[in-house]
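Asks: run_5.json is reproduced below (JSON, C-alpha atoms).
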```json
[["chain", "number", "residue", "atom", "x", "y", "z"],
["A", 1, "MET", "CA", 95.63, 65.67, 98.77],
["A", 2, "PRO", "CA", 92.05, 65.37, 99.98],
["A", 3, "LEU", "CA", 89.44, 66.80, 97.64],
["A", 4, "ASN", "CA", 87.42, 68.52, 100.34],
["A", 5, "ARG", "CA", 90.24, 70.85, 101.40],
["A", 6, "THR", "CA", 90.92, 74.09, 99.60],
["A", 7, "TYR", "CA", 94.54, 74.23, 98.52],
["A", 8, "ARG", "CA", 96.09, 77.65, 99.03],
["A", 9, "PRO", "CA", 99.50, 77.90, 97.41],
["A", 10, "VAL", "CA", 102.28, 79.81, 99.05],
["A", 11, "SER", "CA", 102.19, 82.52, 96.36],
["A", 12, "THR", "CA", 98.85, 84.03, 97.39],
["A", 13, "SER", "CA", 99.82, 83.96, 101.05],
["A", 14, "ALA", "CA", 103.23, 85.36, 100.20],
["A", 15, "LEU", "CA", 101.71, 88.25, 98.25],
["A", 16, "GLY", "CA", 99.24, 88.91, 101.05],
["A", 17, "GLY", "CA", 102.14, 88.90, 103.49],
["A", 18, "LEU", "CA", 104.03, 91.28, 101.21],
["A", 19, "TYR", "CA", 101.08, 93.66, 101.24],
["A", 20, "VAL", "CA", 100.81, 93.58, 105.03],
["A", 21, "LEU", "CA", 104.55, 93.94, 105.59],
["A", 22, "ALA", "CA", 104.94, 96.71, 102.98],
["A", 23, "GLY", "CA", 102.06, 98.66, 104.48],
["A", 24, "LEU", "CA", 103.39, 98.29, 108.01],
["A", 25, "VAL", "CA", 106.86, 99.42, 106.94],
["A", 26, "ALA", "CA", 105.48, 102.47, 105.09],
["A", 27, "LEU", "CA", 103.27, 103.52, 107.97],
["A", 28, "GLY", "CA", 106.04, 102.77, 110.48],
["A", 29, "VAL", "CA", 108.45, 105.07, 108.66],
["A", 30, "VAL", "CA", 105.96, 107.95, 108.56],
["A", 31, "TRP", "CA", 105.07, 107.38, 112.21],
["A", 32, "PHE", "CA", 108.79, 107.53, 113.09],
["A", 33, "ALA", "CA", 109.26, 110.70, 111.03],
["A", 34, "GLU", "CA", 106.25, 112.36, 112.62],
["A", 35, "HIS", "CA", 106.73, 111.37, 116.25],
["A", 36, "TRP", "CA", 110.49, 110.99, 116.62],
["A", 37, "LEU", "CA", 111.85, 113.37, 114.00],
["A", 38, "LYS", "CA", 109.01, 115.85, 114.71],
["A", 39, "LEU", "CA", 108.17, 116.38, 111.03],
["A", 40, "ALA", "CA", 104.67, 117.76, 110.57],
["A", 41, "PRO", "CA", 102.68, 116.12, 107.77],
["A", 42, "CYS", "CA", 100.79, 118.20, 105.26],
["A", 43, "GLU", "CA", 97.33, 117.25, 103.99],
["A", 44, "LEU", "CA", 98.73, 115.44, 100.92],
["A", 45, "CYS", "CA", 101.03, 113.46, 103.21],
["A", 46, "LEU", "CA", 97.95, 112.30, 105.10],
["A", 47, "TRP", "CA", 96.27, 111.38, 101.79],
["A", 48, "GLU", "CA", 99.28, 109.25, 100.89],
["A", 49, "ARG", "CA", 98.86, 107.11, 104.01],
["A", 50, "ARG", "CA", 95.36, 105.89, 103.12],
["A", 51, "PRO", "CA", 96.34, 103.42, 100.36],
["A", 52, "TRP", "CA", 98.79, 101.75, 102.75],
["A", 53, "TRP", "CA", 96.02, 101.18, 105.32],
["A", 54, "VAL", "CA", 93.84, 99.67, 102.61],
["A", 55, "LEU", "CA", 96.76, 97.54, 101.42],
["A", 56, "ILE", "CA", 97.22, 96.08, 104.91],
["A", 57, "GLY", "CA", 93.54, 95.13, 105.00],
["A", 58, "LEU", "CA", 93.72, 93.60, 101.52],
["A", 59, "GLY", "CA", 96.81, 91.65, 102.54],
["A", 60, "ILE", "CA", 95.04, 90.17, 105.54],
["A", 61, "VAL", "CA", 92.01, 89.27, 103.43],
["A", 62, "THR", "CA", 94.28, 87.74, 100.78],
["A", 63, "ILE", "CA", 96.01, 85.55, 103.36],
["A", 64, "VAL", "CA", 92.72, 84.32, 104.81],
["A", 65, "LEU", "CA", 90.75, 83.64, 101.62],
["A", 66, "PRO", "CA", 91.12, 80.58, 99.36],
["A", 67, "LYS", "CA", 93.20, 81.03, 96.23],
["A", 68, "ARG", "CA", 90.33, 81.56, 93.83],
["A", 69, "TYR", "CA", 89.08, 84.53, 95.87],
["A", 70, "ALA", "CA", 92.51, 85.70, 97.03],
["A", 71, "ARG", "CA", 93.35, 86.63, 93.44],
["A", 72, "TYR", "CA", 90.86, 89.50, 93.70],
["A", 73, "GLY", "CA", 92.64, 90.79, 96.78],
["A", 74, "ILE", "CA", 95.95, 90.66, 94.94],
["A", 75, "PHE", "CA", 94.48, 92.55, 91.99],
["A", 76, "PHE", "CA", 92.96, 95.25, 94.22],
["A", 77, "GLY", "CA", 96.27, 95.47, 96.07],
["A", 78, "LEU", "CA", 97.99, 96.28, 92.78],
["A", 79, "LEU", "CA", 95.38, 98.99, 92.17],
["A", 80, "CYS", "CA", 96.01, 100.31, 95.66],
["A", 81, "LEU", "CA", 99.75, 100.48, 94.99],
["A", 82, "MET", "CA", 99.11, 102.33, 91.72],
["A", 83, "THR", "CA", 97.00, 104.81, 93.69],
["A", 84, "SER", "CA", 99.87, 105.30, 96.11],
["A", 85, "ILE", "CA", 102.26, 105.93, 93.22],
["A", 86, "GLY", "CA", 99.81, 108.42, 91.68],
["A", 87, "LEU", "CA", 99.44, 110.31, 94.96],
["A", 88, "ALA", "CA", 103.23, 110.46, 95.32],
["A", 89, "VAL", "CA", 103.54, 111.88, 91.79],
["A", 90, "LEU", "CA", 100.80, 114.42, 92.56],
["A", 91, "HIS", "CA", 102.50, 115.48, 95.79],
["A", 92, "ALA", "CA", 105.96, 115.62, 94.20],
["A", 93, "GLY", "CA", 104.55, 117.87, 91.47],
["A", 94, "VAL", "CA", 103.14, 120.18, 94.14],
["A", 95, "GLU", "CA", 106.50, 120.19, 95.95],
["A", 96, "HIS", "CA", 108.30, 121.15, 92.74],
["A", 97, "LYS", "CA", 105.58, 123.74, 92.01],
["A", 98, "PHE", "CA", 104.53, 122.10, 88.72],
["A", 99, "TRP", "CA", 100.86, 122.50, 89.73],
["A", 100, "PRO", "CA", 98.87, 123.73, 92.74],
["A", 101, "SER", "CA", 97.70, 121.39, 95.45],
["A", 102, "PRO", "CA", 94.17, 120.01, 95.05],
["A", 103, "ALA", "CA", 93.75, 119.94, 98.83],
["A", 104, "PRO", "CA", 92.12, 123.11, 100.16],
["A", 105, "GLU", "CA", 93.90, 122.57, 103.49],
["A", 106, "CYS", "CA", 97.24, 123.24, 101.78],
["A", 107, "ARG", "CA", 96.34, 126.83, 100.97],
["A", 108, "ALA", "CA", 96.36, 129.76, 103.33],
["A", 109, "PRO", "CA", 92.92, 131.07, 104.25],
["A", 110, "VAL", "CA", 91.82, 134.16, 102.37],
["A", 111, "PHE", "CA", 90.60, 137.02, 104.51],
["A", 112, "HIS", "CA", 88.94, 140.12, 103.10],
["A", 113, "GLY", "CA", 88.50, 142.91, 105.62],
["A", 114, "GLY", "CA", 86.47, 142.74, 108.80],
["A", 115, "ASN", "CA", 87.53, 142.74, 112.41],
["A", 116, "PHE", "CA", 89.85, 140.56, 114.46],
["A", 117, "LYS", "CA", 87.07, 138.12, 115.38],
["A", 118, "ASP", "CA", 86.27, 137.51, 111.69],
["A", 119, "TRP", "CA", 89.95, 137.05, 110.92],
["A", 120, "MET", "CA", 90.36, 134.48, 113.71],
["A", 121, "SER", "CA", 87.26, 132.56, 112.61],
["A", 122, "ALA", "CA", 88.74, 132.27, 109.10],
["A", 123, "MET", "CA", 91.84, 130.54, 110.48],
["A", 124, "PRO", "CA", 92.03, 126.73, 110.26],
["A", 125, "ALA", "CA", 91.33, 124.65, 113.37],
["A", 126, "ARG", "CA", 94.91, 123.42, 113.45],
["A", 127, "PRO", "CA", 97.96, 124.92, 111.77],
["A", 128, "ASN", "CA", 98.74, 123.25, 108.49],
["A", 129, "LYS", "CA", 102.06, 122.59, 106.89],
["A", 130, "PRO", "CA", 102.17, 123.82, 103.30],
["A", 131, "CYS", "CA", 102.08, 120.97, 100.80],
["A", 132, "ASP", "CA", 104.73, 122.60, 98.64],
["A", 133, "SER", "CA", 107.47, 122.56, 101.30],
["A", 134, "PRO", "CA", 109.21, 119.16, 101.11],
["A", 135, "ASP", "CA", 110.88, 117.34, 103.99],
["A", 136, "TYR", "CA", 114.34, 115.91, 103.39],
["A", 137, "LEU", "CA", 115.74, 113.14, 105.57],
["A", 138, "PHE", "CA", 119.38, 112.76, 106.51],
["A", 139, "GLY", "CA", 120.57, 115.33, 103.97],
["A", 140, "LEU", "CA", 119.40, 113.33, 100.97],
["A", 141, "PRO", "CA", 118.41, 115.40, 97.90],
["A", 142, "VAL", "CA", 115.18, 113.38, 97.60],
["A", 143, "SER", "CA", 112.09, 114.38, 99.58],
["A", 144, "MET", "CA", 110.13, 111.97, 101.75],
["A", 145, "THR", "CA", 107.33, 112.12, 99.18],
["A", 146, "GLU", "CA", 109.67, 110.98, 96.41],
["A", 147, "LEU", "CA", 111.14, 108.26, 98.63],
["A", 148, "GLY", "CA", 107.62, 107.03, 99.41],
["A", 149, "GLY", "CA", 106.78, 107.00, 95.71],
["A", 150, "LEU", "CA", 109.93, 105.02, 94.90],
["A", 151, "TYR", "CA", 109.09, 102.58, 97.68],
["A", 152, "ALA", "CA", 105.57, 102.14, 96.26],
["A", 153, "VAL", "CA", 107.04, 101.50, 92.79],
["A", 154, "VAL", "CA", 109.37, 98.81, 94.18],
["A", 155, "VAL", "CA", 106.54, 97.11, 96.08],
["A", 156, "PHE", "CA", 104.32, 97.33, 92.99],
["A", 157, "VAL", "CA", 106.97, 95.70, 90.75],
["A", 158, "VAL", "CA", 107.61, 92.90, 93.26],
["A", 159, "ALA", "CA", 103.87, 92.27, 93.64],
["A", 160, "LEU", "CA", 103.32, 92.38, 89.87],
["A", 161, "VAL", "CA", 106.09, 89.85, 89.24],
["A", 162, "GLY", "CA", 104.69, 87.66, 92.02],
["A", 163, "SER", "CA", 101.18, 87.84, 90.60],
["A", 164, "PHE", "CA", 102.44, 86.85, 87.13],
["A", 165, "ARG", "CA", 104.25, 83.87, 88.66],
["A", 166, "MET", "CA", 101.12, 82.98, 90.58],
["A", 167, "GLY", "CA", 99.09, 83.15, 87.36],
["A", 168, "ARG", "CA", 101.48, 80.80, 85.58],
["A", 169, "SER", "CA", 101.42, 78.20, 88.33],
["A", 170, "ARG", "CA", 97.69, 78.06, 88.87],
["A", 171, "ARG", "CA", 97.32, 74.56, 87.51]]
```
Render the structure in this file as structure tokens.
Replies:
Amino acid sequence: MPLNRTYRPVSTSALGGLYVLAGLVALGVVWFAEHWLKLAPCELCLWERRPWWVLIGLGIVTIVLPKRYARYGIFFGLLCLMTSIGLAVLHAGVEHKFWPSPAPECRAPVFHGGNFKDWMSAMPARPNKPCDSPDYLFGLPVSMTELGGLYAVVVFVVALVGSFRMGRSRR
């Protein structure tokens, strides 16, 4: 192997590809549920999509960079997956009414007296779906939030095992 070329093993590219593919699958499923199944997302559902967008970007960066820099992308991808798992746990707790939603958009506006014009100005710009009403697909007893959290856990475990294998074979 020539010394002037940077060797990029398959493991960093494979993990970057896993990140891109996992993010595309997650966002594809929610797009399908929103546009084809006509399920309205709540504010926490929209929060849960952000780590997957970041993961796609990290996956692309991980594929492009040399191995010594791609390791940082893999590490930040694991952090991104942990964030996704945490958001799923937060949202599942709101769905099961263990705690209130931290998103102000998930609560109904409070109106104290006044006229009709004041009441209408207190309404949100677009109707919101309550964060504590779960969506169930195909009659399964598990909400979409919980399925998304389980999916994030599976992707996290696969990426963690892959990163350990990559760490062992670095020399």
Asks: For A:Val29, which of A:Ala70, A:Val157, A:Leu137, A:Val61 is the closest residue, counting all atoms listed in the file?
Replies: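 Under the stated criterion, the closest residue is A:Leu137.
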Asks: Find the distance between atom CA of A:Glu146 and atom CA of A:Phe164 and write it in Å to one decimal.
Replies: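 Straight-line distance from atom CA of A:Glu146 to atom CA of A:Phe164 works out to 26.8 Å.
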Asks: What separation in Å, quoted to one decimal, exists between atom CA of A:Val25 and atom CA of A:Arg49?
Replies: 11.5 Å
Asks: Using all atoms listed in the file, can you tell me which of A:Ala22, A:Cys131, A:Ala40, A:Cys45 comes closest to A:Ala88?
Replies: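 Using all atoms listed in the file, A:Ala88 sits closest to A:Cys45.
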Asks: Of the candidates A:Phe138, A:Phe75, A:Phe98, A:Tyr151, which one gets nearest to A:Thr12 if we count all atoms listed in the file?
Replies: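 Closest candidate: A:Phe75.
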Asks: With only C-alpha atoms as the counted atoms, please give the residues lying no more than 10 Å from A:Lys129, apart from itself and same-chain residues fewer than 3 positions off, as a count of residues only.
Replies: 15
Asks: With distances taken over all atoms listed in the file, which residue among A:Pro66, A:Gly162, A:Gly86, A:Gly148 lies nearest A:Gly23?
Replies: A:Gly148
Asks: Which residue is closest to A:Leu81? Choose from A:Leu21, A:Ile63, A:Leu55, A:Leu147 and count all atoms listed in the file.
Replies: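 Counting all atoms listed in the file, the residue closest to A:Leu81 is A:Leu55.
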Asks: Using only C-alpha atoms, which of the listed residues (A:Asp135, A:Leu140, A:Gly149, A:Pro130) sits closest to A:Pro51?
Replies: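 Among the listed residues, the smallest separation from A:Pro51 belongs to A:Gly149.
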Asks: Excluding same-chain residues fewer than 5 positions from A:Val20, what lies within 12 Å of it counting all atoms listed in the file, as a list of chain:residue names?
Replies: A:Ser13, A:Ala14, A:Leu15, A:Val25, A:Ala26, A:Leu27, A:Gly28, A:Pro51, A:Trp52, A:Trp53, A:Val54, A:Leu55, A:Ile56, A:Gly57, A:Leu58, A:Gly59, A:Ile60, A:Val61, A:Thr62, A:Ile63, A:Gly73, A:Ile74, A:Gly77, A:Val155, A:Ala159
Asks: Would you output stretch 144-169 of chain A from that structure, restricted to C-alpha atoms, as a PDB file, in the first residue's frame?
Replies:
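New file out_15.pdb:
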```pdb
ATOM      1  CA  MET A 144     -45.102   4.962  17.450  1.00  0.00           C
ATOM      2  CA  THR A 145     -42.982   6.770  20.043  1.00  0.00           C
ATOM      3  CA  GLU A 146     -42.082   3.500  21.744  1.00  0.00           C
ATOM      4  CA  LEU A 147     -41.387   1.824  18.398  1.00  0.00           C
ATOM      5  CA  GLY A 148     -39.093   4.718  17.461  1.00  0.00           C
ATOM      6  CA  GLY A 149     -37.289   4.396  20.790  1.00  0.00           C
ATOM      7  CA  LEU A 150     -36.821   0.650  20.302  1.00  0.00           C
ATOM      8  CA  TYR A 151     -35.513   1.293  16.796  1.00  0.00           C
ATOM      9  CA  ALA A 152     -33.027   3.851  18.169  1.00  0.00           C
ATOM     10  CA  VAL A 153     -31.870   1.324  20.794  1.00  0.00           C
ATOM     11  CA  VAL A 154     -31.280  -1.334  18.112  1.00  0.00           C
ATOM     12  CA  VAL A 155     -29.337   1.092  15.906  1.00  0.00           C
ATOM     13  CA  PHE A 156     -27.343   2.265  18.936  1.00  0.00           C
ATOM     14  CA  VAL A 157     -26.388  -1.312  19.930  1.00  0.00           C
ATOM     15  CA  VAL A 158     -25.367  -2.199  16.360  1.00  0.00           C
ATOM     16  CA  ALA A 159     -23.293   0.994  16.071  1.00  0.00           C
ATOM     17  CA  LEU A 160     -21.719   0.459  19.500  1.00  0.00           C
ATOM     18  CA  VAL A 161     -20.695  -3.104  18.636  1.00  0.00           C
ATOM     19  CA  GLY A 162     -19.341  -1.880  15.294  1.00  0.00           C
ATOM     20  CA  SER A 163     -17.357   0.896  16.952  1.00  0.00           C
ATOM     21  CA  PHE A 164     -15.821  -1.574  19.434  1.00  0.00           C
ATOM     22  CA  ARG A 165     -14.813  -3.833  16.553  1.00  0.00           C
ATOM     23  CA  MET A 166     -13.398  -0.838  14.728  1.00  0.00           C
ATOM     24  CA  GLY A 167     -11.395   0.113  17.830  1.00  0.00           C
ATOM     25  CA  ARG A 168      -9.917  -3.370  18.101  1.00  0.00           C
ATOM     26  CA  SER A 169      -8.821  -3.492  14.479  1.00  0.00           C
TER      27      SER A 169
END
```
